[in-house]
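Student: Supplied structure: run.cif, mmCIF, C-alpha atoms.
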```cif
data_input
loop_
_atom_site.label_atom_id
_atom_site.label_comp_id
_atom_site.auth_asym_id
_atom_site.auth_seq_id
_atom_site.Cartn_x
_atom_site.Cartn_y
_atom_site.Cartn_z
CA MET A 1 -30.96 6.52 -8.05
CA ILE A 2 -28.82 3.50 -8.94
CA PRO A 3 -29.97 1.93 -12.24
CA ASP A 4 -32.00 -1.28 -11.95
CA THR A 5 -29.49 -3.11 -14.10
CA ASP A 6 -25.74 -2.90 -14.37
CA ARG A 7 -25.42 -4.56 -17.76
CA SER A 8 -24.12 -1.36 -19.28
CA GLY A 9 -21.66 -0.77 -16.42
CA ARG A 10 -22.32 2.98 -16.67
CA TRP A 11 -22.91 3.36 -12.93
CA MET A 12 -19.33 2.28 -12.26
CA ALA A 13 -18.04 5.60 -13.58
CA ARG A 14 -19.44 7.17 -10.43
CA LEU A 15 -17.24 5.07 -8.18
CA SER A 16 -14.13 6.46 -6.53
CA PRO A 17 -10.69 5.52 -7.90
CA TYR A 18 -10.53 2.78 -5.30
CA VAL A 19 -12.79 0.48 -7.27
CA GLN A 20 -13.09 1.89 -10.81
CA ARG A 21 -10.48 -0.46 -12.17
CA ALA A 22 -11.41 -3.51 -10.10
CA ALA A 23 -15.20 -3.27 -10.41
CA ARG A 24 -16.87 -5.46 -13.01
CA PRO A 25 -20.56 -5.69 -14.02
CA VAL A 26 -22.26 -8.47 -12.08
CA PRO A 27 -25.24 -10.11 -13.84
CA LEU A 28 -27.12 -10.80 -10.63
CA VAL A 29 -26.68 -8.38 -7.74
CA VAL A 30 -28.50 -9.10 -4.50
CA GLU A 31 -29.74 -5.72 -3.38
CA GLY A 32 -30.33 -4.76 0.22
CA ARG A 33 -32.18 -2.01 2.03
CA LEU A 34 -31.05 0.60 4.48
CA THR A 35 -32.85 0.08 7.78
CA ARG A 36 -31.15 2.24 10.36
CA MET A 37 -28.64 5.04 10.89
CA VAL A 38 -26.93 5.69 14.22
CA GLY A 39 -24.39 8.48 14.20
CA LEU A 40 -22.37 7.84 11.04
CA THR A 41 -23.06 4.10 11.00
CA LEU A 42 -25.58 2.67 8.55
CA GLU A 43 -27.31 -0.69 8.91
CA ALA A 44 -28.38 -2.63 5.83
CA VAL A 45 -30.17 -5.97 5.41
CA GLY A 46 -30.76 -8.22 2.42
CA CYS A 47 -27.29 -8.09 0.83
CA GLN A 48 -23.90 -9.64 1.44
CA ALA A 49 -20.44 -8.10 1.31
CA ASN A 50 -17.11 -8.69 2.97
CA ILE A 51 -15.30 -6.47 5.48
CA GLY A 52 -13.65 -3.65 3.54
CA GLY A 53 -16.00 -4.13 0.59
CA ARG A 54 -17.77 -1.23 -1.13
CA CYS A 55 -21.49 -0.67 -1.47
CA LEU A 56 -23.47 1.97 -3.34
CA ILE A 57 -26.51 3.45 -1.63
CA SER A 58 -29.21 5.25 -3.58
CA SER A 59 -30.16 8.77 -2.56
CA THR A 60 -32.76 11.36 -3.44
CA ALA A 61 -29.97 13.66 -4.56
CA GLY A 62 -29.63 11.63 -7.76
CA ARG A 63 -26.20 10.28 -7.02
CA PRO A 64 -25.09 7.06 -5.29
CA ILE A 65 -23.41 7.37 -1.92
CA GLU A 66 -20.37 5.15 -1.52
CA ALA A 67 -19.92 3.30 1.77
CA GLU A 68 -17.55 0.69 3.15
CA VAL A 69 -18.45 -2.42 5.12
CA VAL A 70 -16.94 -2.06 8.60
CA GLY A 71 -18.80 -4.82 10.45
CA PHE A 72 -21.69 -7.25 10.44
CA HIS A 73 -24.04 -9.04 12.83
CA ALA A 74 -26.38 -11.86 11.80
CA ASP A 75 -28.06 -10.61 8.61
CA LYS A 76 -27.05 -6.97 9.13
CA LEU A 77 -24.20 -5.12 7.48
CA TYR A 78 -22.66 -2.10 9.19
CA LEU A 79 -21.59 0.52 6.67
CA MET A 80 -19.57 3.69 7.06
CA PRO A 81 -20.15 6.36 4.39
CA ILE A 82 -17.15 7.78 2.56
CA GLY A 83 -18.69 11.07 1.46
CA ASP A 84 -21.62 13.38 2.10
CA LEU A 85 -24.84 11.85 3.46
CA ARG A 86 -27.29 14.39 2.08
CA GLY A 87 -30.27 12.80 0.34
CA LEU A 88 -30.06 9.52 2.25
CA GLY A 89 -33.36 8.13 3.53
CA PRO A 90 -34.84 5.03 5.15
CA GLY A 91 -35.30 2.06 2.83
CA ALA A 92 -32.63 3.26 0.39
CA ARG A 93 -31.32 0.56 -1.92
CA VAL A 94 -27.88 -0.88 -1.15
CA VAL A 95 -25.92 -2.54 -3.97
CA PRO A 96 -22.60 -4.34 -3.28
CA ALA A 97 -19.95 -3.06 -5.68
CA ASN A 98 -16.64 -4.86 -5.22
CA ASP A 99 -14.36 -6.19 -2.51
CA VAL A 100 -11.09 -4.91 -3.99
CA CYS A 101 -9.85 -1.55 -2.70
CA GLU A 102 -7.18 -0.09 -4.96
CA VAL A 103 -5.41 3.27 -5.01
CA PRO A 104 -3.70 5.19 -7.84
CA VAL A 105 0.10 5.27 -7.84
CA GLY A 106 2.81 6.32 -10.25
CA GLU A 107 5.03 9.18 -11.35
CA GLN A 108 1.95 11.17 -12.36
CA LEU A 109 1.18 11.76 -8.68
CA LEU A 110 4.32 13.85 -8.11
CA GLY A 111 3.38 17.47 -7.50
CA ARG A 112 -0.27 16.62 -6.82
CA VAL A 113 -2.51 17.09 -3.77
CA LEU A 114 -5.07 14.31 -3.19
CA ASP A 115 -7.87 13.58 -0.76
CA GLY A 116 -8.30 10.28 1.06
CA ALA A 117 -10.21 8.75 -1.84
CA GLY A 118 -7.50 9.55 -4.37
CA HIS A 119 -9.35 12.51 -5.92
CA PRO A 120 -7.22 15.56 -6.83
CA LEU A 121 -7.69 18.67 -4.69
CA ASP A 122 -5.39 20.96 -6.66
CA ALA A 123 -7.64 21.76 -9.66
CA ARG A 124 -4.96 20.51 -12.06
CA GLY A 125 -7.17 18.07 -13.89
CA PRO A 126 -7.82 14.35 -13.44
CA LEU A 127 -5.16 11.86 -12.46
CA HIS A 128 -3.79 9.48 -15.06
CA ALA A 129 -2.06 7.00 -12.78
CA GLU A 130 -0.03 4.30 -14.47
CA ARG A 131 -1.25 1.60 -12.10
CA ARG A 132 -3.23 0.86 -8.95
CA VAL A 133 -2.27 -1.12 -5.89
CA PRO A 134 -4.21 -2.45 -2.85
CA LEU A 135 -4.96 0.14 -0.20
CA THR A 136 -3.81 -2.20 2.55
CA GLY A 137 -0.40 -2.88 0.98
CA ARG A 138 1.49 -6.16 1.09
CA PRO A 139 3.37 -7.54 4.10
CA ILE A 140 7.16 -7.88 3.88
CA ASN A 141 8.98 -10.83 5.35
CA PRO A 142 10.96 -9.29 8.25
CA LEU A 143 13.96 -11.46 7.35
CA ALA A 144 13.93 -10.08 3.80
CA ARG A 145 14.18 -6.43 4.86
CA ASP A 146 17.44 -4.58 4.46
CA PRO A 147 18.92 -3.62 7.87
CA ILE A 148 19.27 0.06 8.73
CA ARG A 149 22.93 0.89 8.24
CA GLU A 150 23.06 4.27 6.47
CA PRO A 151 22.56 7.59 8.29
CA LEU A 152 20.10 10.10 6.85
CA ASP A 153 20.78 13.83 6.87
CA VAL A 154 17.53 15.55 7.96
CA GLY A 155 19.00 19.07 8.03
CA VAL A 156 18.37 19.60 11.77
CA GLY A 157 21.59 19.80 13.79
CA ALA A 158 20.25 18.48 17.08
CA ILE A 159 18.73 15.42 15.42
CA ASN A 160 21.71 14.71 13.15
CA ALA A 161 24.20 14.88 16.01
CA LEU A 162 22.31 13.51 19.02
CA LEU A 163 19.36 11.53 17.61
CA SER A 164 20.83 10.29 14.34
CA VAL A 165 18.22 8.88 11.99
CA GLY A 166 18.94 5.94 9.69
CA ARG A 167 17.56 5.55 6.20
CA GLY A 168 14.50 3.36 6.59
CA GLN A 169 13.90 4.26 10.25
CA ARG A 170 10.47 5.08 11.69
CA MET A 171 10.50 7.97 14.16
CA GLY A 172 7.82 9.68 16.19
CA LEU A 173 7.50 13.40 16.97
CA PHE A 174 5.79 13.57 20.37
CA ALA A 175 4.33 16.86 21.58
CA GLY A 176 1.28 18.65 22.80
CA SER A 177 -0.51 21.23 20.69
CA GLY A 178 1.29 24.41 19.69
CA VAL A 179 4.90 23.49 20.51
CA GLY A 180 6.26 23.27 16.97
CA LYS A 181 5.55 19.79 15.59
CA SER A 182 4.46 21.06 12.19
CA VAL A 183 7.36 23.52 11.99
CA LEU A 184 9.93 20.80 12.72
CA LEU A 185 8.18 18.51 10.25
CA GLY A 186 8.39 21.25 7.65
CA MET A 187 12.11 21.76 8.25
CA MET A 188 12.77 18.06 7.67
CA THR A 189 10.57 18.15 4.57
CA ARG A 190 12.70 20.86 2.99
CA TYR A 191 16.12 19.70 4.12
CA THR A 192 16.07 15.88 4.04
CA ASN A 193 17.85 14.18 1.16
CA ALA A 194 15.18 11.94 -0.42
CA ASP A 195 14.07 11.00 -3.93
CA VAL A 196 10.36 11.34 -3.16
CA ILE A 197 8.47 13.00 -0.29
CA VAL A 198 5.00 11.76 0.64
CA VAL A 199 3.08 13.90 3.11
CA GLY A 200 -0.07 12.74 4.88
CA LEU A 201 -2.02 15.54 6.59
CA ILE A 202 -4.51 13.50 8.57
CA GLY A 203 -7.23 15.07 10.70
CA GLU A 204 -5.52 18.43 11.11
CA ARG A 205 -6.85 21.94 10.43
CA GLY A 206 -7.90 22.54 6.84
CA ARG A 207 -6.01 25.82 6.54
CA GLU A 208 -2.74 24.00 7.23
CA VAL A 209 -2.99 22.11 3.94
CA LYS A 210 -2.53 25.17 1.73
CA GLU A 211 0.07 26.63 4.09
CA PHE A 212 2.09 23.40 4.02
CA VAL A 213 1.97 23.17 0.23
CA GLN A 214 2.78 26.82 -0.46
CA ASN A 215 4.95 27.92 2.45
CA ILE A 216 6.78 24.77 3.49
CA LEU A 217 7.10 22.66 0.35
CA GLY A 218 6.98 25.47 -2.19
CA GLU A 219 7.05 25.06 -5.94
CA GLU A 220 10.43 23.33 -5.99
CA GLY A 221 9.60 20.96 -3.16
CA MET A 222 6.30 19.92 -4.75
CA ARG A 223 8.11 18.61 -7.82
CA ARG A 224 9.22 15.57 -5.84
CA ALA A 225 6.31 15.43 -3.40
CA VAL A 226 2.82 13.95 -3.12
CA VAL A 227 0.43 15.39 -0.53
CA VAL A 228 -2.56 13.45 0.80
CA ALA A 229 -4.89 15.69 2.80
CA THR A 230 -7.91 14.58 4.84
CA PRO A 231 -8.67 17.47 7.24
CA ALA A 232 -10.62 17.16 10.47
CA ASP A 233 -13.99 17.77 8.79
CA ASN A 234 -13.65 14.56 6.74
CA SER A 235 -15.38 11.37 7.85
CA PRO A 236 -13.38 9.04 10.11
CA LEU A 237 -13.20 6.50 7.29
CA MET A 238 -11.67 9.08 4.95
CA ARG A 239 -9.12 10.07 7.59
CA MET A 240 -8.05 6.46 7.97
CA HIS A 241 -7.91 5.98 4.21
CA GLY A 242 -5.79 9.12 3.87
CA ALA A 243 -3.08 7.61 6.08
CA MET A 244 -3.29 4.28 4.26
CA LEU A 245 -3.23 5.98 0.84
CA ALA A 246 -0.11 7.99 1.73
CA THR A 247 1.59 4.77 2.87
CA SER A 248 0.57 2.91 -0.30
CA ILE A 249 2.04 5.68 -2.47
CA ALA A 250 5.27 5.57 -0.46
CA GLU A 251 5.40 1.78 -0.84
CA HIS A 252 5.09 2.07 -4.61
CA PHE A 253 8.08 4.39 -4.91
CA ARG A 254 10.09 2.25 -2.48
CA ASP A 255 9.42 -0.81 -4.62
CA GLN A 256 10.92 1.11 -7.54
CA GLY A 257 14.18 1.38 -5.60
CA LYS A 258 13.74 5.01 -4.52
CA HIS A 259 14.42 6.51 -1.11
CA VAL A 260 11.15 7.92 0.21
CA LEU A 261 10.52 10.31 3.09
CA LEU A 262 7.04 9.72 4.56
CA LEU A 263 5.72 12.44 6.87
CA MET A 264 2.41 11.84 8.61
CA ASP A 265 0.69 14.47 10.73
CA SER A 266 -0.68 12.88 12.75
CA LEU A 267 -0.74 9.25 13.91
CA THR A 268 -3.00 10.27 16.79
CA ARG A 269 -5.74 11.46 14.42
CA PHE A 270 -5.53 8.12 12.59
CA ALA A 271 -6.07 6.32 15.91
CA GLN A 272 -8.95 8.62 16.82
CA ALA A 273 -10.64 7.93 13.48
CA GLN A 274 -10.44 4.18 14.14
CA ARG A 275 -11.83 4.80 17.63
CA GLU A 276 -14.84 6.62 16.18
CA ILE A 277 -15.56 3.76 13.79
CA ALA A 278 -15.06 1.02 16.39
CA LEU A 279 -17.29 2.69 19.00
CA ALA A 280 -19.96 3.37 16.38
CA ILE A 281 -20.32 -0.33 15.54
CA GLY A 282 -20.43 -1.36 19.19
CA GLU A 283 -16.85 -2.33 20.08
CA PRO A 284 -16.34 -1.78 23.83
CA PRO A 285 -13.74 0.78 24.94
CA ALA A 286 -10.67 -0.55 26.73
CA THR A 287 -8.04 2.09 27.59
CA LYS A 288 -9.21 5.67 28.12
CA GLY A 289 -11.98 5.21 25.58
CA TYR A 290 -9.82 3.49 22.94
CA PRO A 291 -11.13 0.07 21.80
CA PRO A 292 -8.63 -2.79 21.29
CA SER A 293 -8.86 -2.53 17.48
CA VAL A 294 -7.08 0.85 17.65
CA PHE A 295 -3.95 -0.75 19.07
CA ALA A 296 -4.13 -3.45 16.40
CA ARG A 297 -4.41 -0.91 13.58
CA LEU A 298 -1.38 1.18 14.61
CA PRO A 299 1.30 -1.48 13.96
CA GLN A 300 -0.48 -2.54 10.76
CA LEU A 301 0.07 0.98 9.42
CA VAL A 302 3.54 1.66 10.84
CA GLU A 303 5.07 -1.70 9.88
CA ARG A 304 4.44 -0.92 6.21
CA ALA A 305 7.19 1.73 6.33
CA GLY A 306 10.89 0.99 6.59
CA ASN A 307 13.39 -0.64 4.25
CA GLY A 308 12.18 -2.92 1.51
CA ASP A 309 13.67 -6.12 0.19
CA LYS A 310 17.45 -6.36 0.09
CA GLY A 311 18.91 -4.05 -2.51
CA GLY A 312 15.66 -2.11 -2.88
CA GLY A 313 14.45 1.30 -1.77
CA SER A 314 13.44 2.62 1.63
CA ILE A 315 10.73 4.55 3.46
CA THR A 316 12.01 6.75 6.25
CA ALA A 317 8.91 7.76 8.19
CA PHE A 318 8.19 10.50 10.70
CA TYR A 319 4.85 10.29 12.53
CA THR A 320 3.66 13.12 14.75
CA VAL A 321 1.95 11.97 17.94
CA LEU A 322 -0.24 14.44 19.83
CA THR A 323 0.19 13.95 23.58
CA GLU A 324 -3.04 15.28 25.04
CA GLY A 325 -2.34 17.55 28.00
CA ASP A 326 1.40 16.96 27.44
CA ASP A 327 0.89 13.51 28.97
CA GLN A 328 3.69 11.26 27.68
CA ASN A 329 1.78 8.25 29.04
CA ASP A 330 -1.22 8.89 26.82
CA PRO A 331 -2.37 5.48 25.45
CA ILE A 332 -1.58 6.32 21.83
CA ALA A 333 1.78 7.86 22.70
CA ASP A 334 2.66 4.83 24.81
CA ALA A 335 1.63 2.41 22.03
CA ALA A 336 3.50 4.42 19.39
CA ARG A 337 6.73 4.41 21.40
CA ALA A 338 6.59 0.62 21.51
CA ILE A 339 6.32 0.16 17.73
CA LEU A 340 8.52 3.01 16.46
CA ASP A 341 12.32 3.00 16.13
CA GLY A 342 12.77 6.10 18.24
CA HIS A 343 11.04 9.28 19.32
CA VAL A 344 11.72 13.01 19.43
CA VAL A 345 9.91 14.68 22.32
CA LEU A 346 9.12 18.38 22.07
CA SER A 347 8.92 20.29 25.34
CA ARG A 348 6.34 22.98 26.03
CA GLU A 349 8.66 24.50 28.63
CA LEU A 350 11.41 24.97 26.05
CA ALA A 351 8.97 26.31 23.47
CA GLU A 352 7.61 28.89 25.92
CA ALA A 353 11.19 29.95 26.64
CA GLY A 354 11.78 30.66 22.93
CA HIS A 355 14.02 27.61 22.43
CA TYR A 356 13.43 26.22 18.90
CA PRO A 357 13.29 23.48 17.91
CA ALA A 358 12.01 22.64 21.38
CA ILE A 359 13.57 19.16 21.48
CA ASP A 360 13.80 17.59 24.92
CA ILE A 361 17.12 15.78 24.48
CA GLU A 362 16.80 13.89 27.77
CA ALA A 363 13.45 12.35 26.82
CA SER A 364 14.29 11.63 23.16
CA ILE A 365 16.09 8.64 21.70
CA SER A 366 17.04 7.02 18.40
CA ARG A 367 17.17 3.25 18.76
CA VAL A 368 19.37 2.69 15.71
CA MET A 369 21.93 5.44 16.32
CA VAL A 370 24.63 3.10 17.65
CA GLU A 371 24.32 1.02 14.45
CA ILE A 372 24.77 3.85 11.96
CA VAL A 373 27.32 6.30 13.39
CA ALA A 374 31.05 6.10 14.14
CA PRO A 375 32.06 5.18 17.72
CA GLU A 376 33.59 8.65 18.20
CA HIS A 377 30.30 10.29 17.22
CA GLU A 378 28.32 8.06 19.59
CA GLN A 379 30.71 8.82 22.46
CA ALA A 380 30.47 12.57 21.82
CA ALA A 381 26.68 12.42 21.79
CA ARG A 382 26.67 10.45 25.06
CA ARG A 383 29.01 12.99 26.69
CA PHE A 384 26.79 15.86 25.49
CA ARG A 385 23.75 14.18 27.06
CA GLN A 386 25.55 13.59 30.36
CA ILE A 387 26.67 17.23 30.69
CA TYR A 388 23.30 18.61 29.58
CA SER A 389 21.38 16.31 31.91
CA THR A 390 23.61 17.16 34.86
CA TYR A 391 22.78 20.85 34.50
CA ARG A 392 19.03 20.23 34.04
CA GLN A 393 18.86 18.00 37.12
CA ASN A 394 20.55 20.63 39.29
CA ARG A 395 19.02 23.68 37.62
CA ASP A 396 16.85 24.67 40.59
CA LEU A 397 19.80 24.66 42.99
CA ILE A 398 21.88 26.66 40.53
CA SER A 399 19.18 29.24 39.76
CA VAL A 400 18.47 30.09 43.42
CA GLY A 401 22.17 30.24 44.30
CA ALA A 402 22.07 27.23 46.62
CA TYR A 403 24.90 25.45 44.81
CA GLN A 404 28.40 26.32 45.96
CA PRO A 405 30.97 26.27 43.12
CA GLY A 406 33.60 23.60 43.64
CA SER A 407 31.28 21.22 45.46
CA ASP A 408 30.94 18.86 42.47
CA PRO A 409 33.29 18.93 39.44
CA ARG A 410 30.56 17.54 37.18
CA ILE A 411 28.15 20.33 38.03
CA ASP A 412 30.91 22.92 37.66
CA GLU A 413 31.64 21.58 34.17
CA ALA A 414 27.93 21.59 33.29
CA ILE A 415 27.51 25.21 34.43
CA ALA A 416 30.48 26.30 32.32
CA MET A 417 29.38 24.46 29.18
CA TYR A 418 25.59 24.84 29.35
CA PRO A 419 25.36 28.10 27.31
CA GLN A 420 27.22 26.60 24.35
CA LEU A 421 25.22 23.38 24.59
CA THR A 422 21.89 25.23 24.39
CA GLU A 423 23.20 27.38 21.55
CA PHE A 424 24.03 24.23 19.59
CA LEU A 425 20.52 22.81 20.13
CA GLN A 426 18.79 25.89 18.70
CA GLN A 427 18.24 26.42 14.99
CA HIS A 428 16.19 28.87 12.95
CA MET A 429 13.48 27.26 10.82
CA GLY A 430 14.93 28.81 7.66
CA GLU A 431 18.43 27.50 8.35
CA ARG A 432 19.72 24.12 7.21
CA VAL A 433 22.40 22.35 9.25
CA GLY A 434 23.76 19.41 7.29
CA TRP A 435 25.46 16.29 8.58
CA PRO A 436 29.09 17.60 8.49
CA ASP A 437 28.07 20.90 10.09
CA SER A 438 26.10 19.04 12.77
CA LEU A 439 29.15 17.00 13.80
CA ALA A 440 31.39 20.05 13.68
CA GLY A 441 28.91 21.92 15.88
CA LEU A 442 28.82 19.03 18.33
CA ALA A 443 32.61 19.04 18.58
CA THR A 444 32.66 22.81 19.06
CA ALA A 445 30.00 22.65 21.76
CA LEU A 446 31.99 20.06 23.70
CA GLY A 447 35.17 21.94 22.99
CA ALA A 448 37.45 18.91 22.94
CA LEU A 449 36.37 16.56 20.15
CA ASP A 450 37.15 16.70 16.48
CA ALA A 451 34.33 16.59 13.92
CA GLN A 452 34.03 13.26 12.20
#
```
Just give me the structure as structure tokens.

Tutor:
Amino acid sequence: MIPDTDRSGRWMARLSPYVQRAARPVPLVVEGRLTRMVGLTLEAVGCQANIGGRCLISSTAGRPIEAEVVGFHADKLYLMPIGDLRGLGPGARVVPANDVCEVPVGEQLLGRVLDGAGHPLDARGPLHAERRVPLTGRPINPLARDPIREPLDVGVGAINALLSVGRGQRMGLFAGSGVGKSVLLGMMTRYTNADVIVVGLIGERGREVKEFVQNILGEEGMRRAVVVATPADNSPLMRMHGAMLATSIAEHFRDQGKHVLLLMDSLTRFAQAQREIALAIGEPPATKGYPPSVFARLPQLVERAGNGDKGGGSITAFYTVLTEGDDQNDPIADAARAILDGHVVLSRELAEAGHYPAIDIEASISRVMVEIVAPEHEQAARRFRQIYSTYRQNRDLISVGAYQPGSDPRIDEAIAMYPQLTEFLQQHMGERVGWPDSLAGLATALGALDAQ
């Protein structure tokens, strides 16, 4: 049970790292009572707290349960628990804690694996973060941001040459389940040139956390990485906080002038967590079951990435987007395309044919490529797309023998060059193709252009 008085402040030691530093003993705390629980939503009366504020709820298990205020109506507060609900009963006491949500940041986080509340998962002892920052971050004046002018080598030939990524760009990886999103994300994790790597594993399978840390990052990669993991069995609030925590950590290193690679798997699970919360407190669904607040939350999270103030660091972000049923017009995929600086679409057809990475070049685009590469490079990439697309559009005629050679010079050229184009697009997951090699490979595939 929560002590009747907080004069000693001892109960604050039980709080998560979000509020340990910000919480202060309050002489007079207006306590409330828990009156109702529907799904994962708790209703409390008799106390006041602001949206995003923390409350402690007494339980028969002898420990307070931490919850966050997610809504209110008249004299009722709607709370969403952060942890386990065991021991919670009707009439439980509710004590407002603090309105400030802060997260640990600093060099001490490098090499660590955290949960959505900032607790370590790696059994390497407690965190001793040098400072804490707000979970929601701080907005940046769009006119104060550095423009994207410098290309970033991600170690994947097809992306370097045809979908060039700029330092500070925000890209989406769009795909259905099982077509290689995580593998491609892992390749970029190992091969991208960045000072710090922040990985957010949001709402995915729990077994993937250990596999990502051990098999993809490895001991050397973890030295410059921070992993925030909130698997699918976590509460929706924890899944949302995991994405926000990963972004806050990336923002801290960017503000120190470092170049950060932020990888989030996945943005869809973040949206689904917000949908669960919104529906639980009574917000009406709008588009395929997604309430309007979901589409407000997505840009609030994504806009925190990117370049910082002029002369500062950068956050280059890759967000995976799960297209349910391979539907590219899924509401979350459609919303993500509108707020990201480009997208890489993975094709199930290519994956089933053994073509890895299964990047659909025709459906993918980098919106900043023309700003960061040489004109010769951009022209070569455009020519590659034209030849590749010509073959794909006439593939059925070619495969059944209905096309007569000589009928169209463009199709004849595409048929002759298609094998070397597809060979260039494929890459083994253990192979790194740097920026110079990517341009050289593009020139070789086209057969007439010099590498830049």

Student: For this structure, which residues satisfy the selection - the PyMOL selection byres ((chain A and resi 321) around 7) - when it is evaluated on the file as given? I want them as a PyMOL selection string.

Tutor: chain A and resi 172-175+266-268+319-320+322-323+333

Student: Hey, can you spit out that residue selection with C-alpha atoms as a compact mmCIF listing (two decimals), keeping the file's coordinate frame?

Tutor:
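And here is the file that came out, again-v5.txt:
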```
# COMPACT_ATOMS: atom_id res chain seq x y z
CA GLY A 172 7.82 9.68 16.19
CA LEU A 173 7.50 13.40 16.97
CA PHE A 174 5.79 13.57 20.37
CA ALA A 175 4.33 16.86 21.58
CA SER A 266 -0.68 12.88 12.75
CA LEU A 267 -0.74 9.25 13.91
CA THR A 268 -3.00 10.27 16.79
CA TYR A 319 4.85 10.29 12.53
CA THR A 320 3.66 13.12 14.75
CA LEU A 322 -0.24 14.44 19.83
CA THR A 323 0.19 13.95 23.58
CA ALA A 333 1.78 7.86 22.70
```

Student: If you apply the PyMOL selection byres ((chain A and resi 307) around 12) to this file, what residues do you get, as a PyMOL selection string?

Tutor: chain A and resi 140-150+166-170+250-251+253-255+257-261+303-306+308-317

Student: One decimal, in Å: what's the spacing between CA of Met264 in chain A and CA of Thr422 in chain A?

Tutor: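 Straight-line distance from CA of Met264 in chain A to CA of Thr422 in chain A works out to 28.4 Å.
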
Student: Distance CA of Glu66 in chain A-CA of Pro81 in chain A, one decimal place?

Tutor: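 Answer for the CA of Glu66 in chain A to CA of Pro81 in chain A separation: 6.0 Å.
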
Student: Would you list the contacts of Ser58 in chain A as an MDAnalysis selection string, taking every protein, DNA or RNA residue within 9 Å and counting all atoms listed in the file, but skipping same-chain residues closer than 3 positions in sequence?

Tutor: chainID A and resid 1:2 61:65 87:89 92:95

Student: Translate the PyMOL selection byres ((chain A and resi 345-349) around 7), as applied to the file shown, into an explicit residue set as an NGL selection string.

Tutor: :A and (173-175 or 179 or 343-344 or 350-353 or 358-360 or 363-364)

Student: Just how far from CA of Met222 in chain A is CA of Leu110 in chain A, in Å to one decimal?

Tutor: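 Computed distance, CA of Leu110 in chain A to CA of Met222 in chain A, equals 7.2 Å.
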
Student: Can you work out which one of A:Asp84, A:Leu217, A:His377, A:Pro299 has the shortest atom-to-atom distance to Pro436 in chain A, counting only C-alpha atoms?

Tutor: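 Result for the nearest residue to Pro436 in chain A: A:His377.
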
Student: Write out as AutoDock Vina command-line options an axis-aligned box for range 300-319 of chain A: all of its atoms listed in the file, 3 Å added on each side, centre and edge lengths in Å with one decimal.

Tutor:
```
--center_x 9.2 --center_y 2.1 --center_z 4.8 --size_x 25.4 --size_y 22.9 --size_z 21.4
```

Student: So which one's closest to Leu340 in chain A, A:Ile159, A:Leu298, A:Ala381, A:Leu184? Using all atoms listed in the file, please.

Tutor: A:Leu298

Student: Show which residues sit within 9 Å of range 46-55 of chain A, as a PyMOL selection string. Count all atoms listed in the file, and ignore same-chain residues fewer than 5 positions away.

Tutor: chain A and resi 19+29-33+65-72+75-77+79+94-101

Student: Which neighbours of Phe295 in chain A fall inside 10 Å, counting only C-alpha atoms, when residues of the same chain fewer than 4 positions from it are skipped, and could you give them as a PyMOL selection string?

Tutor: chain A and resi 271+274-275+287+290-291+299-300+331-332+335-336

Student: Ranking A:Gly83, A:Gly206, A:Gly282, A:Gly200 by minimum distance to Val113 in chain A and counting all atoms listed in the file, which one comes first?

Tutor: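 Among A:Gly83, A:Gly206, A:Gly282, A:Gly200, it is A:Gly200 that comes nearest to Val113 in chain A.
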
Student: Leaving out Pro292 in chain A and any residue of its chain fewer than 5 positions from it, which residues lie within 10 Å of it when counting only C-alpha atoms, given as a ChimeraX atom specification?

Tutor: /A:275,278,283-287,297

Student: Could you check which of A:Leu135, A:Met429, A:Ala74, A:Leu42 is closest to Pro90 in chain A, using only C-alpha atoms?

Tutor: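 For Pro90 in chain A, the nearest of the given residues is A:Leu42.
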
Student: Determine the nearest neighbour of Arg269 in chain A from the options A:Ala246, A:Ile82, A:Val209, A:Glu204, counting all atoms listed in the file.

Tutor: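 Ranked by minimum distance to Arg269 in chain A, first place goes to A:Glu204.
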
Student: So which one's closest to Asp437 in chain A, A:Gly155, A:Gly354, A:Gly406, A:Gly178? Using only C-alpha atoms, please.

Tutor: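 Among the listed residues, the smallest separation from Asp437 in chain A belongs to A:Gly155.
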
Student: Got a sec to check which residues sit within 6 Å of (-32.9, -0.5, 7.0), counting all atoms listed in the file, and write them as a VMD selection string?

Tutor: chain A and resid 33 to 36 43 to 44 91
